[in-house]
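Asks: Dropping in data00.tsv, with TSV, C-alpha atoms and all ligand atoms.
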```
chain	number	residue	atom	x	y	z
A	626	MET	CA	-6.53	-10.96	22.71
A	627	ASN	CA	-9.40	-10.58	25.15
A	628	ILE	CA	-12.31	-10.40	22.74
A	629	ILE	CA	-14.92	-9.41	25.32
A	630	GLU	CA	-12.89	-6.63	26.93
A	631	GLU	CA	-11.24	-5.28	23.81
A	632	ILE	CA	-13.88	-5.71	21.13
A	633	ILE	CA	-17.39	-6.33	22.42
A	634	TYR	CA	-17.51	-4.19	25.56
A	635	PRO	CA	-16.19	-1.00	23.94
A	636	VAL	CA	-18.83	-1.25	21.19
A	637	LEU	CA	-21.61	-2.06	23.67
A	638	GLN	CA	-20.49	0.89	25.79
A	639	GLU	CA	-20.61	3.19	22.76
A	640	PHE	CA	-24.15	2.01	21.95
A	641	LYS	CA	-25.17	2.39	25.57
A	642	GLU	CA	-24.04	6.02	25.61
A	643	GLU	CA	-25.31	6.97	22.17
A	644	GLU	CA	-28.65	5.16	22.30
A	645	GLU	CA	-29.25	5.40	26.01
A	646	PHE	CA	-29.63	1.68	26.67
A	647	ASP	CA	-29.66	0.89	30.37
A	648	TYR	CA	-27.84	-2.45	30.28
A	649	GLU	CA	-24.87	-3.38	32.45
A	650	LEU	CA	-21.91	-4.93	30.62
A	651	SER	CA	-21.59	-8.59	31.52
A	652	PRO	CA	-20.79	-11.86	29.75
A	653	GLU	CA	-24.44	-12.91	30.12
A	654	LEU	CA	-25.86	-9.73	28.61
A	655	LYS	CA	-28.48	-10.69	26.05
A	656	ILE	CA	-27.73	-8.92	22.77
A	657	PHE	CA	-30.30	-10.28	20.33
A	658	GLY	CA	-33.27	-12.63	20.54
A	659	ASP	CA	-35.99	-13.09	23.16
A	660	GLY	CA	-35.66	-10.70	26.08
A	661	ALA	CA	-32.69	-8.94	24.47
A	662	TYR	CA	-31.92	-5.24	24.13
A	663	PHE	CA	-31.35	-4.88	20.39
A	664	ASP	CA	-33.97	-4.91	17.65
A	665	SER	CA	-32.89	-6.10	14.22
A	666	ILE	CA	-31.79	-2.68	12.97
A	667	THR	CA	-29.71	-2.02	16.06
A	668	LEU	CA	-28.20	-5.47	15.58
A	669	VAL	CA	-27.20	-4.52	12.02
A	670	ARG	CA	-25.49	-1.37	13.29
A	671	PHE	CA	-23.90	-3.30	16.13
A	672	VAL	CA	-22.50	-5.94	13.75
A	673	ILE	CA	-21.00	-3.23	11.54
A	674	ALA	CA	-19.41	-1.55	14.55
A	675	VAL	CA	-17.98	-4.85	15.85
A	676	GLN	CA	-16.58	-5.69	12.39
A	677	ASP	CA	-14.96	-2.24	12.26
A	678	LYS	CA	-13.46	-2.71	15.70
A	679	ILE	CA	-12.04	-6.10	14.72
A	680	SER	CA	-10.46	-4.75	11.56
A	681	GLU	CA	-9.07	-1.77	13.49
A	682	LEU	CA	-7.40	-4.05	16.06
A	683	THR	CA	-6.41	-7.04	13.94
A	684	ASP	CA	-6.33	-5.73	10.36
A	685	LYS	CA	-8.68	-8.60	9.47
A	686	THR	CA	-11.95	-8.13	7.64
A	687	LEU	CA	-14.41	-10.56	9.19
A	688	ILE	CA	-17.97	-11.02	8.01
A	689	LEU	CA	-19.97	-11.80	11.14
A	690	ALA	CA	-23.47	-12.00	9.70
A	691	THR	CA	-22.95	-14.83	7.24
A	692	PRO	CA	-26.04	-16.73	6.09
A	693	GLN	CA	-24.73	-19.72	8.10
A	694	ALA	CA	-24.48	-17.66	11.27
A	695	MET	CA	-27.92	-16.23	10.81
A	696	SER	CA	-29.45	-19.66	10.27
A	697	ARG	CA	-27.71	-21.38	13.17
A	698	SER	CA	-30.33	-22.59	15.58
A	699	ASN	CA	-28.16	-21.17	18.33
A	700	SER	CA	-27.50	-17.69	16.98
A	701	PRO	CA	-24.03	-16.41	17.90
A	702	PHE	CA	-25.58	-13.04	18.68
A	703	ARG	CA	-27.53	-14.22	21.74
A	704	THR	CA	-25.14	-13.08	24.45
A	705	VAL	CA	-21.75	-11.46	24.90
A	706	THR	CA	-20.23	-14.86	25.61
A	707	THR	CA	-21.66	-16.62	22.55
A	708	LEU	CA	-20.57	-13.72	20.37
A	709	SER	CA	-17.03	-13.76	21.74
A	710	GLU	CA	-16.76	-17.50	21.11
A	711	TYR	CA	-17.99	-16.98	17.58
A	712	ILE	CA	-15.49	-14.17	16.90
A	713	ASP	CA	-12.73	-16.33	18.34
A	714	GLU	CA	-13.71	-19.11	15.92
A	715	LEU	CA	-13.70	-16.74	12.93
A	716	LEU	CA	-10.38	-15.17	13.89
A	717	ALA	CA	-8.80	-18.61	14.13
A	718	GLU	CA	-10.15	-19.51	10.68
A	719	ALA	CA	-8.86	-16.24	9.24
A	720	LYS	CA	-5.27	-16.92	10.31
B	1228	MET	CA	-21.19	23.56	8.26
B	1229	SER	CA	-18.01	21.71	7.30
B	1230	ASP	CA	-17.29	20.82	3.67
B	1231	LYS	CA	-19.35	18.02	2.19
B	1232	ILE	CA	-17.46	14.80	1.50
B	1233	THR	CA	-18.54	13.43	-1.86
B	1234	LEU	CA	-17.52	10.14	-3.46
B	1235	ILE	CA	-18.05	9.72	-7.21
B	1236	THR	CA	-17.25	6.56	-9.17
B	1237	GLY	CA	-16.05	6.47	-12.79
B	1238	THR	CA	-14.46	9.92	-12.84
B	1239	ARG	CA	-11.76	9.59	-15.51
B	1240	LYS	CA	-13.95	11.06	-18.25
B	1241	GLY	CA	-17.52	11.75	-19.37
B	1242	ILE	CA	-20.25	12.56	-16.87
B	1243	GLY	CA	-18.15	11.47	-13.86
B	1244	LYS	CA	-15.37	13.94	-14.64
B	1245	ALA	CA	-17.88	16.78	-15.08
B	1246	LEU	CA	-19.42	15.87	-11.72
B	1247	VAL	CA	-16.03	16.14	-10.03
B	1248	GLU	CA	-15.49	19.61	-11.52
B	1249	HIS	CA	-18.97	20.70	-10.47
B	1250	TYR	CA	-18.77	19.54	-6.86
B	1251	ILE	CA	-15.23	20.85	-6.39
B	1252	LYS	CA	-16.55	24.23	-7.55
B	1253	LYS	CA	-19.31	23.93	-4.97
B	1254	GLY	CA	-16.69	23.47	-2.25
B	1255	HIS	CA	-17.03	19.74	-1.67
B	1256	ILE	CA	-14.09	17.50	-0.89
B	1257	VAL	CA	-14.31	14.96	-3.70
B	1258	ILE	CA	-12.95	11.43	-3.94
B	1259	GLY	CA	-13.23	9.40	-7.13
B	1260	CYS	CA	-12.05	6.33	-8.98
B	1261	SER	CA	-11.59	4.69	-12.35
B	1262	ARG	CA	-9.74	1.65	-13.67
B	1263	SER	CA	-7.20	3.71	-15.65
B	1264	PRO	CA	-5.20	6.67	-14.39
B	1265	ILE	CA	-6.52	10.18	-14.96
B	1266	GLU	CA	-4.77	12.78	-17.06
B	1267	TRP	CA	-5.96	15.79	-15.08
B	1268	GLN	CA	-5.79	17.12	-11.54
B	1269	LEU	CA	-7.93	19.34	-9.36
B	1270	GLU	CA	-7.29	20.77	-5.93
B	1271	GLY	CA	-9.54	19.10	-3.39
B	1272	TYR	CA	-9.86	15.94	-5.46
B	1273	THR	CA	-8.32	12.55	-4.62
B	1274	HIS	CA	-8.25	9.79	-7.20
B	1275	HIS	CA	-8.09	6.04	-6.65
B	1276	ILE	CA	-7.30	3.46	-9.30
B	1277	ALA	CA	-10.04	0.94	-8.64
B	1278	ASP	CA	-12.42	-1.37	-10.41
B	1279	VAL	CA	-15.83	-0.83	-8.83
B	1280	SER	CA	-16.64	-4.53	-9.12
B	1281	ASN	CA	-13.54	-5.55	-7.16
B	1282	GLU	CA	-14.44	-5.76	-3.49
B	1283	LYS	CA	-10.83	-5.35	-2.33
B	1284	ASP	CA	-10.47	-2.13	-4.32
B	1285	VAL	CA	-13.75	-0.84	-2.93
B	1286	LEU	CA	-12.85	-1.64	0.68
B	1287	SER	CA	-9.52	0.11	0.33
B	1288	ILE	CA	-11.19	3.33	-0.89
B	1289	PHE	CA	-13.52	3.31	2.11
B	1290	LYS	CA	-10.69	2.56	4.50
B	1291	GLN	CA	-8.94	5.66	3.20
B	1292	ILE	CA	-12.09	7.79	3.54
B	1293	ARG	CA	-12.65	6.51	7.08
B	1294	ASN	CA	-9.05	7.38	8.02
B	1295	ASP	CA	-8.98	10.77	6.30
B	1296	PHE	CA	-12.44	12.11	7.12
B	1297	GLY	CA	-14.28	9.63	9.34
B	1298	ARG	CA	-17.46	10.33	7.43
B	1299	LEU	CA	-19.11	10.45	4.01
B	1300	ASP	CA	-22.02	12.68	2.99
B	1301	ASN	CA	-22.66	11.89	-0.66
B	1302	LEU	CA	-22.13	8.92	-2.98
B	1303	ILE	CA	-22.70	9.13	-6.74
B	1304	ASN	CA	-22.52	5.73	-8.43
B	1305	ASN	CA	-21.73	6.98	-11.92
B	1306	ALA	CA	-19.30	4.29	-13.16
B	1307	GLY	CA	-21.00	2.21	-15.78
B	1308	ILE	CA	-20.44	0.44	-19.05
B	1309	ALA	CA	-22.80	-0.25	-21.91
B	1310	SER	CA	-23.14	-2.96	-24.48
B	1311	MET	CA	-25.24	-2.45	-27.56
B	1312	ASN	CA	-25.78	-5.63	-29.49
B	1313	HIS	CA	-28.45	-8.07	-30.48
B	1314	SER	CA	-28.85	-10.61	-27.67
B	1315	LEU	CA	-28.23	-13.49	-30.10
B	1316	LEU	CA	-24.79	-12.02	-30.69
B	1317	THR	CA	-23.95	-11.34	-27.06
B	1318	PRO	CA	-21.36	-13.55	-25.34
B	1319	LYS	CA	-21.60	-14.41	-21.64
B	1320	GLN	CA	-18.44	-12.39	-20.99
B	1321	THR	CA	-20.37	-9.25	-21.90
B	1322	LEU	CA	-23.01	-10.09	-19.31
B	1323	ASP	CA	-20.34	-10.69	-16.70
B	1324	LYS	CA	-18.64	-7.38	-17.41
B	1325	VAL	CA	-21.80	-5.28	-17.62
B	1326	PHE	CA	-23.46	-6.77	-14.55
B	1327	ASN	CA	-20.27	-6.76	-12.51
B	1328	THR	CA	-19.62	-3.10	-13.19
B	1329	ASN	CA	-23.15	-1.73	-13.14
B	1330	VAL	CA	-24.92	-3.88	-10.55
B	1331	MET	CA	-22.16	-5.36	-8.38
B	1332	GLY	CA	-20.22	-2.08	-8.36
B	1333	THR	CA	-23.26	-0.05	-7.39
B	1334	PHE	CA	-24.17	-2.53	-4.65
B	1335	LEU	CA	-20.70	-2.65	-3.09
B	1336	PHE	CA	-20.41	1.14	-2.99
B	1337	CYS	CA	-23.91	1.54	-1.54
B	1338	ARG	CA	-23.19	-1.03	1.16
B	1339	GLU	CA	-19.87	0.44	2.24
B	1340	ALA	CA	-21.11	4.03	2.01
B	1341	ALA	CA	-24.16	3.30	4.15
B	1342	LYS	CA	-21.97	1.69	6.82
B	1343	LEU	CA	-20.10	4.97	7.09
B	1344	MET	CA	-23.11	7.28	6.63
B	1345	GLN	CA	-25.26	5.58	9.26
B	1346	LYS	CA	-22.86	6.76	11.95
B	1347	ASN	CA	-23.96	10.35	11.31
B	1348	LYS	CA	-27.53	9.39	10.50
B	1349	TYR	CA	-27.08	11.32	7.26
B	1350	GLY	CA	-26.35	10.39	3.67
B	1351	ARG	CA	-27.29	10.93	0.05
B	1352	ILE	CA	-26.81	8.22	-2.57
B	1353	VAL	CA	-27.52	8.65	-6.28
B	1354	ASN	CA	-27.42	5.70	-8.66
B	1355	PHE	CA	-27.36	5.74	-12.45
B	1356	SER	CA	-29.98	4.13	-14.64
B	1357	THR	CA	-30.94	5.11	-18.21
B	1358	VAL	CA	-33.97	5.85	-20.37
B	1359	ALA	CA	-33.21	2.54	-22.08
B	1360	VAL	CA	-35.03	0.93	-19.12
B	1361	PRO	CA	-38.51	2.49	-19.58
B	1362	LEU	CA	-38.07	2.55	-23.37
B	1363	LYS	CA	-37.14	-1.16	-23.42
B	1364	LEU	CA	-34.85	-0.64	-26.39
B	1365	ALA	CA	-34.12	-3.52	-28.74
B	1366	GLY	CA	-30.37	-4.08	-28.96
B	1367	GLU	CA	-29.75	-3.13	-25.34
B	1368	ALA	CA	-31.06	-6.19	-23.50
B	1369	VAL	CA	-28.04	-6.69	-21.25
B	1370	TYR	CA	-27.34	-3.01	-20.56
B	1371	ALA	CA	-31.01	-2.20	-19.92
B	1372	ALA	CA	-31.47	-5.25	-17.69
B	1373	SER	CA	-28.46	-4.22	-15.60
B	1374	LYS	CA	-29.80	-0.69	-15.29
B	1375	ALA	CA	-33.26	-2.02	-14.38
B	1376	ALA	CA	-31.57	-4.01	-11.63
B	1377	ILE	CA	-30.07	-0.75	-10.36
B	1378	VAL	CA	-33.55	0.79	-10.17
B	1379	THR	CA	-34.87	-2.11	-8.08
B	1380	LEU	CA	-31.74	-2.14	-5.95
B	1381	THR	CA	-32.23	1.57	-5.32
B	1382	ASP	CA	-35.87	1.13	-4.35
B	1383	VAL	CA	-35.09	-1.58	-1.82
B	1384	LEU	CA	-31.99	0.12	-0.41
B	1385	ALA	CA	-34.06	3.29	0.03
B	1386	LYS	CA	-36.24	1.29	2.42
B	1387	GLU	CA	-33.37	-0.42	4.20
B	1388	PHE	CA	-31.38	2.78	4.66
B	1389	ALA	CA	-34.32	5.03	5.57
B	1390	GLU	CA	-33.87	4.65	9.30
B	1391	PHE	CA	-30.29	5.80	8.99
B	1392	GLY	CA	-31.24	9.13	7.43
B	1393	ILE	CA	-29.83	8.01	4.09
B	1394	THR	CA	-31.75	8.66	0.87
B	1395	VAL	CA	-31.16	6.58	-2.27
B	1396	ASN	CA	-32.42	7.75	-5.67
B	1397	THR	CA	-31.87	7.04	-9.35
B	1398	VAL	CA	-31.14	9.39	-12.20
B	1399	GLY	CA	-31.91	8.07	-15.68
B	1400	PRO	CA	-30.17	10.13	-18.36
B	1401	SER	CA	-31.30	10.27	-21.97
B	1402	PRO	CA	-28.50	9.90	-24.56
B	1403	ILE	CA	-25.64	12.31	-23.91
B	1404	GLU	CA	-22.66	12.68	-26.22
B	1405	THR	CA	-19.92	10.88	-24.33
B	1406	ASP	CA	-17.68	7.93	-25.25
B	1407	LEU	CA	-20.38	5.62	-23.91
B	1408	ILE	CA	-22.56	6.08	-26.96
B	1409	LYS	CA	-19.97	7.00	-29.59
B	1410	ASN	CA	-20.18	3.58	-31.23
B	1411	VAL	CA	-23.96	3.51	-31.39
B	1412	PRO	CA	-25.12	4.12	-34.99
B	1413	LYS	CA	-26.59	7.60	-35.59
B	1414	HIS	CA	-29.95	6.26	-36.75
B	1415	LYS	CA	-30.28	4.23	-33.53
B	1416	ILE	CA	-29.81	7.34	-31.42
B	1417	GLU	CA	-32.32	9.23	-33.57
B	1418	GLU	CA	-34.83	6.43	-33.20
B	1419	LEU	CA	-34.35	6.51	-29.45
B	1420	ILE	CA	-34.72	10.28	-29.23
B	1421	ASN	CA	-37.89	10.16	-31.31
B	1422	SER	CA	-39.49	7.83	-28.80
B	1423	GLN	CA	-38.87	10.34	-25.99
B	1424	THR	CA	-41.37	13.08	-25.11
B	1425	LEU	CA	-38.63	15.67	-25.54
B	1426	LYS	CA	-36.98	14.88	-28.83
B	1427	LYS	CA	-33.47	16.03	-28.09
B	1428	LEU	CA	-30.17	14.77	-26.68
B	1429	GLY	CA	-29.57	15.18	-22.98
B	1430	THR	CA	-26.66	17.18	-21.61
B	1431	ILE	CA	-24.35	16.68	-18.67
B	1432	LYS	CA	-25.84	19.86	-17.18
B	1433	ASP	CA	-29.27	18.18	-17.10
B	1434	VAL	CA	-27.81	15.29	-15.12
B	1435	ILE	CA	-26.03	17.63	-12.70
B	1436	ASN	CA	-29.30	19.50	-12.13
B	1437	ILE	CA	-31.03	16.31	-11.00
B	1438	ILE	CA	-28.13	15.18	-8.82
B	1439	ASP	CA	-27.91	18.62	-7.18
B	1440	PHE	CA	-31.54	18.20	-6.23
B	1441	PHE	CA	-31.11	14.71	-4.79
B	1442	LEU	CA	-28.03	15.75	-2.78
B	1443	LYS	CA	-29.63	18.78	-1.16
B	1444	GLU	CA	-30.09	18.54	2.61
B	1445	GLU	CA	-33.63	19.75	2.01
B	1446	SER	CA	-34.30	16.60	-0.07
B	1447	HIS	CA	-34.45	14.45	3.06
B	1448	SER	CA	-37.98	13.32	2.14
B	1449	ILE	CA	-37.06	12.32	-1.43
B	1450	THR	CA	-36.02	8.67	-1.58
B	1451	GLY	CA	-36.56	5.63	-3.78
B	1452	GLN	CA	-37.32	7.98	-6.70
B	1453	LYS	CA	-36.35	7.61	-10.34
B	1454	LEU	CA	-35.97	10.74	-12.40
B	1455	TYR	CA	-35.65	10.19	-16.14
B	1456	LEU	CA	-34.56	12.89	-18.56
B	1457	GLY	CA	-36.36	13.46	-21.82
B	1458	GLY	CA	-39.86	12.88	-20.48
B	1459	MET	CA	-40.62	9.22	-19.83
C	1	LIG	N1	-23.85	8.91	-22.05
C	1	LIG	C1	-25.09	8.48	-22.10
C	1	LIG	O1	-25.76	8.60	-23.12
C	1	LIG	C2	-25.75	7.85	-20.90
C	1	LIG	C3	-27.14	7.65	-20.92
C	1	LIG	C4	-27.74	7.04	-19.82
C	1	LIG	C5	-26.99	6.66	-18.74
C	1	LIG	N2	-25.65	6.86	-18.73
C	1	LIG	C6	-24.89	6.42	-17.57
C	1	LIG	O2	-24.08	7.46	-17.08
C	1	LIG	C7	-22.92	6.93	-16.44
C	1	LIG	C8	-21.67	7.63	-16.97
C	1	LIG	O3	-21.60	7.40	-18.36
C	1	LIG	P1	-20.66	8.23	-19.35
C	1	LIG	O4	-21.49	8.57	-20.53
C	1	LIG	O5	-19.94	9.31	-18.65
C	1	LIG	O6	-19.64	7.05	-19.78
C	1	LIG	P2	-18.10	7.10	-20.20
C	1	LIG	O7	-17.77	8.40	-20.86
C	1	LIG	O8	-17.87	5.84	-20.95
C	1	LIG	O9	-17.33	7.06	-18.79
C	1	LIG	C9	-17.43	5.95	-17.94
C	1	LIG	C10	-16.54	6.20	-16.73
C	1	LIG	O10	-16.66	5.10	-15.83
C	1	LIG	C11	-15.37	4.56	-15.57
C	1	LIG	N3	-15.53	3.10	-15.37
C	1	LIG	C12	-16.05	2.20	-16.24
C	1	LIG	N4	-16.02	0.95	-15.71
C	1	LIG	C13	-15.45	1.08	-14.47
C	1	LIG	C14	-15.13	0.16	-13.44
C	1	LIG	N5	-15.37	-1.17	-13.56
C	1	LIG	N6	-14.55	0.63	-12.31
C	1	LIG	C15	-14.29	1.95	-12.18
C	1	LIG	N7	-14.59	2.87	-13.12
C	1	LIG	C16	-15.15	2.44	-14.26
C	1	LIG	C17	-14.53	4.93	-16.77
C	1	LIG	O11	-13.15	5.02	-16.47
C	1	LIG	P3	-12.14	3.75	-16.75
C	1	LIG	O12	-12.42	3.29	-18.13
C	1	LIG	O13	-10.77	4.32	-16.55
C	1	LIG	O14	-12.47	2.73	-15.71
C	1	LIG	C18	-15.08	6.32	-17.10
C	1	LIG	O15	-14.47	7.30	-16.29
C	1	LIG	C19	-22.97	5.43	-16.70
C	1	LIG	O16	-23.48	4.75	-15.57
C	1	LIG	C20	-23.92	5.29	-17.87
C	1	LIG	O17	-24.57	4.05	-17.90
C	1	LIG	C21	-25.02	7.46	-19.79
```
Represent the structure from my file as structure tokens, please.

Replies:
Amino acid sequence: MNIIEEIIYPVLQEFKEEEEFDYELSPELKIFGDGAYFDSITLVRFVIAVQDKISELTDKTLILATPQAMSRSNSPFRTVTTLSEYIDELLAEAK
Amino acid sequence: MSDKITLITGTRKGIGKALVEHYIKKGHIVIGCSRSPIEWQLEGYTHHIADVSNEKDVLSIFKQIRNDFGRLDNLINNAGIASMNHSLLTPKQTLDKVFNTNVMGTFLFCREAAKLMQKNKYGRIVNFSTVAVPLKLAGEAVYAASKAAIVTLTDVLAKEFAEFGITVNTVGPSPIETDLIKNVPKHKIEELINSQTLKKLGTIKDVINIIDFFLKEESHSITGQKLYLGGM
């Protein structure tokens, strides 16, 4: 499965339309952290939407915002690429 | 305006069952649950066999709601169990059961409901406490502590959910004649009632009146509130 194209981009596109963000979809897009588009509440809503998308497509219930993930010095929510790698990791573990 | 979608926990009997009847009459689509099957049916009502403290059960109810309606307007966390006993005679199992049902169950339903409600930036959540919390009744340490936890949970969730247009409030009934209190000795209930401002039993109608108020669209500015019956 192409995690970026099938999971992350559709959700980012939805947020872009609904919340009128002016970002362009790209693997380098900064999601959360310094110089990023989302504040913490938008991140919460984004995480929920991504989790929903994953369970819709894979029938797996992943918890993205685990305490470990949130305390990683390199947060998986920095960019589209880091998030896709993180989801890939979790999907592999959930097999 | 389309029909309100209302989820009520603990609907097999008692207050929960009366709430189902009331909101069906008001034209809501109602979904409910209990651990044992129900012996009644109502048009517009869907029942799930679920233990509110079991995350799998909870997730499957919400999956169904998401598929069937794609939204949820109201959640009433009515399911609850009590334990009346001196703390020196209370086994750990009782704590596990009471806290799992009352606190864990309420939390899981609030979390999943808010995920769904935030999409529409609208939601009403009502949680159940009891007058045993402000009255600090001897013999109800575990039950009252679990219901105090629900009050605090409600207060904090009210803040966290505010930006999603979701209100979260607590209703605290005084004693009402249901199975929940049928094993409590008469003199204990009398003692309790005498420490209330209004020295009388509560009724299910009183509880419905408060919940109606919290669920109203016009109550968008009422959140993090606790309304006790009997005059606390
Ligand atoms: N009656 C009172 O005097 C009074 C006073 C203050 C507050 N309250 C609160 O009001 C609420 C309703 O009480 P009630 O008087 O109607 O009690 P009740 O007559 O004992 O009914 C409790 C309901 O909750 C369900 N339930 C219990 N544990 C559950 C679980 N783990 N998962 C799913 N459903 C569960 C029961 O069905 P199953 O057994 O089939 O699961 C039943 O339908 C409770 O939160 C209670 O603490 C009552």

Asks: Give the answer as one residue: which of B:Ala1341, B:Val1398, B:Ile1265, B:Val1369 has the shortest atom-to-atom distance to chain A, using only C-alpha atoms?

Replies: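 Checking each of B:Ala1341, B:Val1398, B:Ile1265, B:Val1369 against chain A, counting only C-alpha atoms, the winner is B:Ala1341.
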
Asks: What are the residues of chain B that have an atom within 10 Å of an atom of chain A, counting only C-alpha atoms, as a list in words?

Replies: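 In the required form, that comes to Leu1286, Lys1342, Leu1343, Gln1345, Lys1346, Glu1387, Phe1388, Glu1390 and Phe1391 of chain B.
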
Asks: Within 6 Å of ligand LIG 1 (chain C), counting all atoms listed in the file: which residues, as an MDAnalysis selection string?

Replies: chainID B and resid 1237:1243 1260:1263 1277:1280 1305:1308 1328 1355:1357 1399:1408

Asks: Check the smallest atom-to-atom distance from each of A:Glu631, A:Tyr662, A:Phe657, A:Glu649 to Asn699 (chain A) using only C-alpha atoms, then report the winner.

Replies: A:Phe657

Asks: Would you pick out the contacts of Leu716 (chain A) at 10 Å or less, using all atoms listed in the file, so that residues sharing its chain but fewer than 6 positions from it are not included, and give the list as a VMD selection string?

Replies: chain A and resid 679 683 685 to 687 710

Asks: When you count only C-alpha atoms, which of these residues is closest to Ser709 (chain A): A:Leu654, A:Met695, A:Ile632, A:Ala690?

Replies: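 Residue with the minimum atom-to-atom distance to Ser709 (chain A): A:Ile632.
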
Asks: Write out as a PyMOL selection string each polymer residue whose atoms come within 12 Å of Thr707 (chain A), counting all atoms listed in the file; drop sequence neighbours fewer than 2 positions from it.

Replies: chain A and resi 628-629+633+652-657+694+699-705+709-714

Asks: Using only C-alpha atoms, pick whichever of B:Ala1389, B:Leu1362, B:Val1434, B:Val1330 has the shortest atom-to-atom distance to Ser1422 (chain B).

Replies: B:Leu1362

Asks: Separation of CA of Ala1340 (chain B) and CA of Arg1293 (chain B), in Å?

Replies: 10.2 Å

Asks: For a quick check of understanding, using only C-alpha atoms, which of A:Glu718, A:Glu643, A:Leu689, A:Met626 has the smallest distance to Leu668 (chain A)?

Replies: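 Checking each candidate against Leu668 (chain A), we get A:Leu689 as the closest.
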
Asks: Given the point (-20.8, 9.0, -3.7) in the coordinates of this file, which residues lie within 9 Å, counting all atoms listed in the file, and how would they look as a PyMOL selection string?

Replies: chain B and resi 1232-1236+1257-1259+1299-1305+1336-1337+1340+1351-1354

Asks: I need the residue nearest Thr1333 (chain B) from this list: B:Asn1294, B:Ser1310, B:Gln1320, B:Ser1373. Use all atoms listed in the file for the distance.

Replies: B:Ser1373

Asks: Would you mind listing what lies within 10 Å of Phe640 (chain A) as a PDB file with C-alpha atoms, in the coordinates of the input, with only C-alpha atoms counted and same-chain residues fewer than 5 positions away left out?

Replies:
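Saved the output as out23.pdb:
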```pdb
ATOM      1  CA  TYR A 634     -17.510  -4.190  25.560  1.00  0.00           C
ATOM      2  CA  PRO A 635     -16.190  -1.000  23.940  1.00  0.00           C
ATOM      3  CA  GLU A 645     -29.250   5.400  26.010  1.00  0.00           C
ATOM      4  CA  PHE A 646     -29.630   1.680  26.670  1.00  0.00           C
ATOM      5  CA  THR A 667     -29.710  -2.020  16.060  1.00  0.00           C
ATOM      6  CA  ARG A 670     -25.490  -1.370  13.290  1.00  0.00           C
ATOM      7  CA  PHE A 671     -23.900  -3.300  16.130  1.00  0.00           C
ATOM      8  CA  ALA A 674     -19.410  -1.550  14.550  1.00  0.00           C
TER       9      ALA A 674
END
```

Asks: Quick one: distance from CA of Ala717 (chain A) to CA of Val1285 (chain B) in Å, one decimal?

Replies: 25.1 Å

Asks: CA of Glu681 (chain A) and CA of Gln638 (chain A), how far apart in Å?

Replies: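 Interatomic distance here is 17.0 Å.
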
Asks: Can you tell me, as a VMD selection string, what residues are no more than 9 Å from Lys1426 (chain B) when counting all atoms listed in the file, ignoring any on the same chain fewer than 4 positions away?

Replies: chain B and resid 1417 1419 to 1422 1457

Asks: Got a sec: who's within 9 Å of Ile688 (chain A), counting only C-alpha atoms, leaving out chain neighbours fewer than 4 positions off, as a PyMOL selection string?

Replies: chain A and resi 672+676+715
